[in-house]
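Trainee: This structure is in structure tokens; I'll ask about it shortly.
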Amino acid sequence: MCLGPLALTGCTRSEDPPSLPPAGVYGHGGAGESSQAEPVSADGTAGALTRPLRETGWFCAQVRANADGRAVWCRIGHRDEVGMVHPQVAQFLLDRDDRLAWAWFPSTRVNHEDDQVAAAAAPALTAIWPGAGDRVRQEIDHFDPETRTTRRSDDIPRTGWRDAHADYRYDRHNGLVVTARDTSVRRWPFGSEHYATTMSSAVDDLLAGGYDCFYPPQQSCNRPRSNGYFQVALRGDQIVSARFGIGSLIESGRQRHLLSEEFPHGLTFLAEAVRRPVTERIERSRRSGTGFAGIVAGTVVIIDASRGAVEGDDLVAYFDVQIGVPLAAT
């Protein structure tokens with residue numbers, strides 16, 4: 001029987017936690033895949049869901065779509081007391097009739113702060129499902145990992161509840177997963193060819209730039225000479241998103257740490273159509289020491305800047321760059 005806090009949410013002890021991603025959603029061939037990112041429309045469900053986030057400084061975009069649905073991704077960077085950026089994201093999947101089918105508000109991984117998950121999820125869900133946000137805040141605020149249900153196969157405390165709109169599952173490892181009850185998307189969009197190439201075609205150029213890469217299977221490469229890194233999310237061999245770190249040294253108004261030192265043939269992991277405009281956007285940030293979050297040539301580009309010494313026109317800075325967005329629920 002259910003005792004104590006479990007009675008508030010129903011007996012969830014026998015239920016499996018939702019898998020990430022849900023089984024089979026990417027096990028299909030192309031279904032009219034599009035990886036052209038675009039701003040979220042002000043109208044419709046996506047606009048309503050993301051408006052509370054955008055009004056508080058989040059960047060949101062529709063990042064891919066296909067014949068069955070479209071994926072929306074939102075992101076904000078939280079700076080800590082020493083200036084490091086800790087990203088927080090939110091993911092939404094809408095069906096072809098513009099209904100929310102699935103959402104994920106991952107934990108931030110910084111002390112696993114419950115309030116950041118609730119602060120993002122509650123206003124977004126309330127915008128389309130009245131009352132849903134209040135329940136989210138209530139459940140997360142009162143979450144006690146010492147008394148909530150756990151599965152015998154692991155030791156992660158979690159809780160779950162449902163309302164007229166969706167099933168909800170929350171834990172401090174995965175955050176909040178929301179599965180709508182009246183709609184679903186059978187084939188989730190997975191496209192990225194618009195902006196990215198394959199890892200096998202890019203690895204030789206990474207090696208030429210001083211990265212230690214052993215692909216396959218390695219998807220994370222290091223560059224010891226500059227404390228740099230290069231990481232990818234893949235679907236097969238196809239790059240879905242890429243992240244790398246690179247420094248900048250401006251002296252007398254000139255860039256002394258050239259991009260070509262680390263990428264001697266350019267950003268060849270990017271498709272030719274987007275390579276030049278994305279590179280130019282990165283170089284502008286490296287010259288100015290400023291960050292960026294937006295869409296460049298139909299491609300999501302995120303640049304987090306950590307500035308060091310600044311004197312006149314001189315500066316030292318380090319940049320964490322993300323190009324493209326991983327598949328939803330991965």
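As shown in the structure tokens, the chain order sets the letters A, B, ...; within each chain, residues go from 1, and ligands are also counted from 1 in the order they appear.
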Tell me, which residues of region 86-315 of chain A carry DSSP strand (DSSP E or B), written as a PyMOL selection string?

Mentor: chain A and resi 86-95+100-105+149+158-162+166-171+175-180+196+198+212+220-223+228-235+238-251+254-255+270+292-296+299-311+314-315

Trainee: List the spatial neighbours of His78 (chain A) as a list of chain:residue names - criterion: any atom at most 7 Å away, only C-alpha atoms, same-chain residues fewer than 4 positions off excluded.

Mentor: A:Val85, A:His86, A:Pro87

Trainee: Just the residues within 12 Å of Asp182 (chain A), please, counting only C-alpha atoms, with nothing from its chain fewer than 3 positions along; format it as a list in words.

Mentor: Asp95, Asp97, Arg99, Leu100, Ala101, Trp102, Asp163, Ala164, His165, Ala166, Asp167, Thr179 and Val185 of chain A

Trainee: Could you list, as a PyMOL selection string, every residue within 12 Å of region 41-46 of chain A, counting only C-alpha atoms and ignoring same-chain residues fewer than 6 positions away?

Mentor: chain A and resi 52-54+60-63+69-74+91-101+103+124-129

Trainee: Print the selection's residues with N, CA, C and O atoms to a file, as a tab-separated table (two decimals), in the first residue's frame.

Mentor:
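Wrote out.tsv, looks like this:
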```tsv
chain	number	residue	atom	x	y	z
A	52	PRO	N	7.03	32.70	-21.55
A	52	PRO	CA	7.54	33.00	-20.20
A	52	PRO	C	9.05	32.82	-20.07
A	52	PRO	O	9.69	33.52	-19.29
A	53	LEU	N	9.60	31.89	-20.82
A	53	LEU	CA	11.05	31.68	-20.78
A	53	LEU	C	11.77	32.82	-21.51
A	53	LEU	O	12.74	33.39	-21.00
A	54	ARG	N	11.30	33.15	-22.71
A	54	ARG	CA	11.95	34.21	-23.47
A	54	ARG	C	11.89	35.55	-22.74
A	54	ARG	O	12.82	36.35	-22.82
A	60	CYS	N	15.19	30.66	-27.38
A	60	CYS	CA	14.37	29.53	-27.83
A	60	CYS	C	14.34	29.51	-29.35
A	60	CYS	O	14.32	30.56	-30.01
A	61	ALA	N	14.29	28.30	-29.91
A	61	ALA	CA	14.19	28.15	-31.36
A	61	ALA	C	13.54	26.81	-31.69
A	61	ALA	O	13.62	25.86	-30.91
A	62	GLN	N	12.88	26.78	-32.85
A	62	GLN	CA	12.46	25.50	-33.40
A	62	GLN	C	13.68	24.94	-34.10
A	62	GLN	O	14.20	25.53	-35.05
A	63	VAL	N	14.19	23.80	-33.64
A	63	VAL	CA	15.50	23.34	-34.10
A	63	VAL	C	15.44	22.26	-35.17
A	63	VAL	O	16.41	22.06	-35.90
A	69	GLY	N	6.18	15.87	-36.51
A	69	GLY	CA	6.28	16.80	-35.39
A	69	GLY	C	7.43	17.77	-35.54
A	69	GLY	O	8.14	17.77	-36.55
A	70	ARG	N	7.60	18.59	-34.52
A	70	ARG	CA	8.70	19.56	-34.52
A	70	ARG	C	9.25	19.72	-33.11
A	70	ARG	O	8.52	19.61	-32.11
A	71	ALA	N	10.54	19.94	-33.05
A	71	ALA	CA	11.25	20.04	-31.77
A	71	ALA	C	11.62	21.49	-31.50
A	71	ALA	O	12.18	22.17	-32.37
A	72	VAL	N	11.33	21.93	-30.29
A	72	VAL	CA	11.67	23.28	-29.84
A	72	VAL	C	12.64	23.16	-28.68
A	72	VAL	O	12.46	22.30	-27.79
A	73	TRP	N	13.67	23.99	-28.69
A	73	TRP	CA	14.74	23.93	-27.69
A	73	TRP	C	14.96	25.31	-27.11
A	73	TRP	O	15.01	26.30	-27.85
A	74	CYS	N	15.06	25.38	-25.80
A	74	CYS	CA	15.31	26.65	-25.12
A	74	CYS	C	16.53	26.49	-24.21
A	74	CYS	O	16.80	25.41	-23.69
A	91	GLN	N	13.21	21.32	-23.37
A	91	GLN	CA	12.92	20.73	-24.67
A	91	GLN	C	11.44	20.44	-24.79
A	91	GLN	O	10.81	19.97	-23.84
A	92	PHE	N	10.91	20.70	-25.98
A	92	PHE	CA	9.50	20.48	-26.25
A	92	PHE	C	9.34	19.77	-27.59
A	92	PHE	O	10.06	20.07	-28.54
A	93	LEU	N	8.39	18.84	-27.64
A	93	LEU	CA	8.05	18.18	-28.89
A	93	LEU	C	6.56	18.38	-29.15
A	93	LEU	O	5.73	18.04	-28.30
A	94	LEU	N	6.24	18.93	-30.31
A	94	LEU	CA	4.85	19.20	-30.68
A	94	LEU	C	4.45	18.32	-31.85
A	94	LEU	O	5.27	18.00	-32.71
A	95	ASP	N	3.19	17.94	-31.86
A	95	ASP	CA	2.72	17.09	-32.96
A	95	ASP	C	2.33	17.94	-34.16
A	95	ASP	O	2.42	19.17	-34.14
A	96	ARG	N	1.87	17.29	-35.21
A	96	ARG	CA	1.55	18.01	-36.45
A	96	ARG	C	0.35	18.93	-36.30
A	96	ARG	O	0.14	19.82	-37.13
A	97	ASP	N	-0.44	18.73	-35.24
A	97	ASP	CA	-1.59	19.59	-34.98
A	97	ASP	C	-1.30	20.68	-33.94
A	97	ASP	O	-2.21	21.27	-33.38
A	98	ASP	N	-0.02	20.92	-33.69
A	98	ASP	CA	0.42	22.00	-32.80
A	98	ASP	C	0.03	21.75	-31.35
A	98	ASP	O	-0.26	22.67	-30.60
A	99	ARG	N	0.04	20.49	-30.93
A	99	ARG	CA	-0.22	20.15	-29.53
A	99	ARG	C	1.07	19.67	-28.89
A	99	ARG	O	1.86	18.96	-29.52
A	100	LEU	N	1.27	20.03	-27.63
A	100	LEU	CA	2.45	19.56	-26.91
A	100	LEU	C	2.30	18.06	-26.65
A	100	LEU	O	1.33	17.62	-26.05
A	101	ALA	N	3.28	17.29	-27.11
A	101	ALA	CA	3.26	15.84	-26.91
A	101	ALA	C	4.22	15.40	-25.81
A	101	ALA	O	3.98	14.39	-25.14
A	103	ALA	N	7.70	16.96	-23.10
A	103	ALA	CA	8.59	18.04	-22.68
A	103	ALA	C	9.58	17.50	-21.66
A	103	ALA	O	9.28	16.55	-20.93
A	124	ALA	N	5.86	27.78	-18.11
A	124	ALA	CA	5.70	27.29	-19.48
A	124	ALA	C	4.46	26.40	-19.60
A	124	ALA	O	3.63	26.59	-20.51
A	125	LEU	N	4.31	25.45	-18.69
A	125	LEU	CA	3.16	24.54	-18.76
A	125	LEU	C	1.85	25.24	-18.44
A	125	LEU	O	0.81	24.93	-19.04
A	126	THR	N	1.89	26.19	-17.51
A	126	THR	CA	0.67	26.94	-17.17
A	126	THR	C	0.13	27.69	-18.38
A	126	THR	O	-1.08	27.89	-18.52
A	127	ALA	N	1.02	28.10	-19.27
A	127	ALA	CA	0.61	28.87	-20.44
A	127	ALA	C	-0.33	28.10	-21.36
A	127	ALA	O	-1.12	28.70	-22.10
A	128	ILE	N	-0.25	26.75	-21.31
A	128	ILE	CA	-1.14	25.96	-22.18
A	128	ILE	C	-2.08	25.07	-21.40
A	128	ILE	O	-3.12	24.67	-21.92
A	129	TRP	N	-1.70	24.74	-20.16
A	129	TRP	CA	-2.53	23.86	-19.33
A	129	TRP	C	-2.76	24.54	-17.98
A	129	TRP	O	-1.94	24.42	-17.07
```

Trainee: Hey, which of A:Val321, A:Leu206, A:Val296, A:Leu176 ends up closest to Gly160 (chain A)? Count only C-alpha atoms.

Mentor: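 Nearest to Gly160 (chain A): A:Leu176.
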
Trainee: Suppose you want the space between CA of Glu139 (chain A) and CA of Ala121 (chain A); what is it in Å?

Mentor: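 Pair CA of Glu139 (chain A) / CA of Ala121 (chain A) returns 12.0 Å.
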
Trainee: Counting only C-alpha atoms, what is within 7 Å of region 230-246 of chain A, bar same-chain residues fewer than 4 positions away, as a list in words?

Mentor: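 Those residues are Ser192, Ala196, Thr197, Thr198, Met199, Ser200, Gln219, Ser220, Cys221, Asn222, Tyr318, Phe319, Asp320, Val321, Gln322, Ile323, Gly324, Val325 and Pro326 of chain A.
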
Trainee: Report, in Å with one decimal, the straight-line distance from CA of Arg223 (chain A) to CA of Pro264 (chain A).

Mentor: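 Separating CA of Arg223 (chain A) from CA of Pro264 (chain A) is a distance of 13.5 Å.
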
Trainee: Just checking: using only C-alpha atoms, which residue out of A:Glu38, A:Gly47, A:Pro17, A:Gly131 ends up closest to His173 (chain A)?

Mentor: A:Pro17

Trainee: State, in Å with one decimal place, the distance from CA of Arg276 (chain A) to CA of Asn227 (chain A).

Mentor: 25.0 Å

Trainee: Considering only C-alpha atoms, can you say which of A:Ala273, A:Ala31, A:Val310, A:Ala305 comes closest to Arg64 (chain A)?

Mentor: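 The closest residue to Arg64 (chain A) is A:Ala31.
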
Trainee: Pick out each residue of region 128-180 of chain A that DSSP on the backbone tags as alpha helix (DSSP H); I need them as a ChimeraX atom specification.

Mentor: /A:132-141

Trainee: For the residues selected in the previous step, produce a file with N, CA, C and O atoms as a short mmCIF file (atom, residue, chain, number, x, y, z; two decimals), in the first residue's frame.

Mentor:
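Result went into part16.cif, see below:
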```
data_model
loop_
_atom_site.label_atom_id
_atom_site.label_comp_id
_atom_site.auth_asym_id
_atom_site.auth_seq_id
_atom_site.Cartn_x
_atom_site.Cartn_y
_atom_site.Cartn_z
N ALA A 132 -1.48 23.37 -14.28
CA ALA A 132 -0.37 22.41 -14.33
C ALA A 132 0.86 22.94 -13.62
O ALA A 132 1.56 22.20 -12.93
N GLY A 133 1.14 24.23 -13.77
CA GLY A 133 2.32 24.80 -13.16
C GLY A 133 2.26 24.81 -11.65
O GLY A 133 3.28 24.56 -10.97
N ASP A 134 1.09 25.08 -11.09
CA ASP A 134 0.95 25.07 -9.63
C ASP A 134 1.25 23.68 -9.08
O ASP A 134 1.89 23.54 -8.03
N ARG A 135 0.78 22.65 -9.77
CA ARG A 135 1.03 21.29 -9.31
C ARG A 135 2.52 20.94 -9.42
O ARG A 135 3.08 20.27 -8.54
N VAL A 136 3.15 21.40 -10.49
CA VAL A 136 4.58 21.16 -10.65
C VAL A 136 5.36 21.77 -9.49
O VAL A 136 6.23 21.13 -8.88
N ARG A 137 5.05 23.01 -9.16
CA ARG A 137 5.75 23.67 -8.04
C ARG A 137 5.49 22.92 -6.73
O ARG A 137 6.42 22.73 -5.93
N GLN A 138 4.25 22.52 -6.52
CA GLN A 138 3.91 21.82 -5.29
C GLN A 138 4.69 20.52 -5.16
O GLN A 138 5.28 20.23 -4.11
N GLU A 139 4.70 19.74 -6.21
CA GLU A 139 5.36 18.44 -6.15
C GLU A 139 6.87 18.58 -6.00
O GLU A 139 7.50 17.85 -5.22
N ILE A 140 7.47 19.50 -6.74
CA ILE A 140 8.92 19.66 -6.66
C ILE A 140 9.33 20.30 -5.34
O ILE A 140 10.32 19.90 -4.72
N ASP A 141 8.56 21.29 -4.89
CA ASP A 141 8.88 21.94 -3.61
C ASP A 141 8.85 20.96 -2.45
O ASP A 141 9.62 21.08 -1.49
#
```
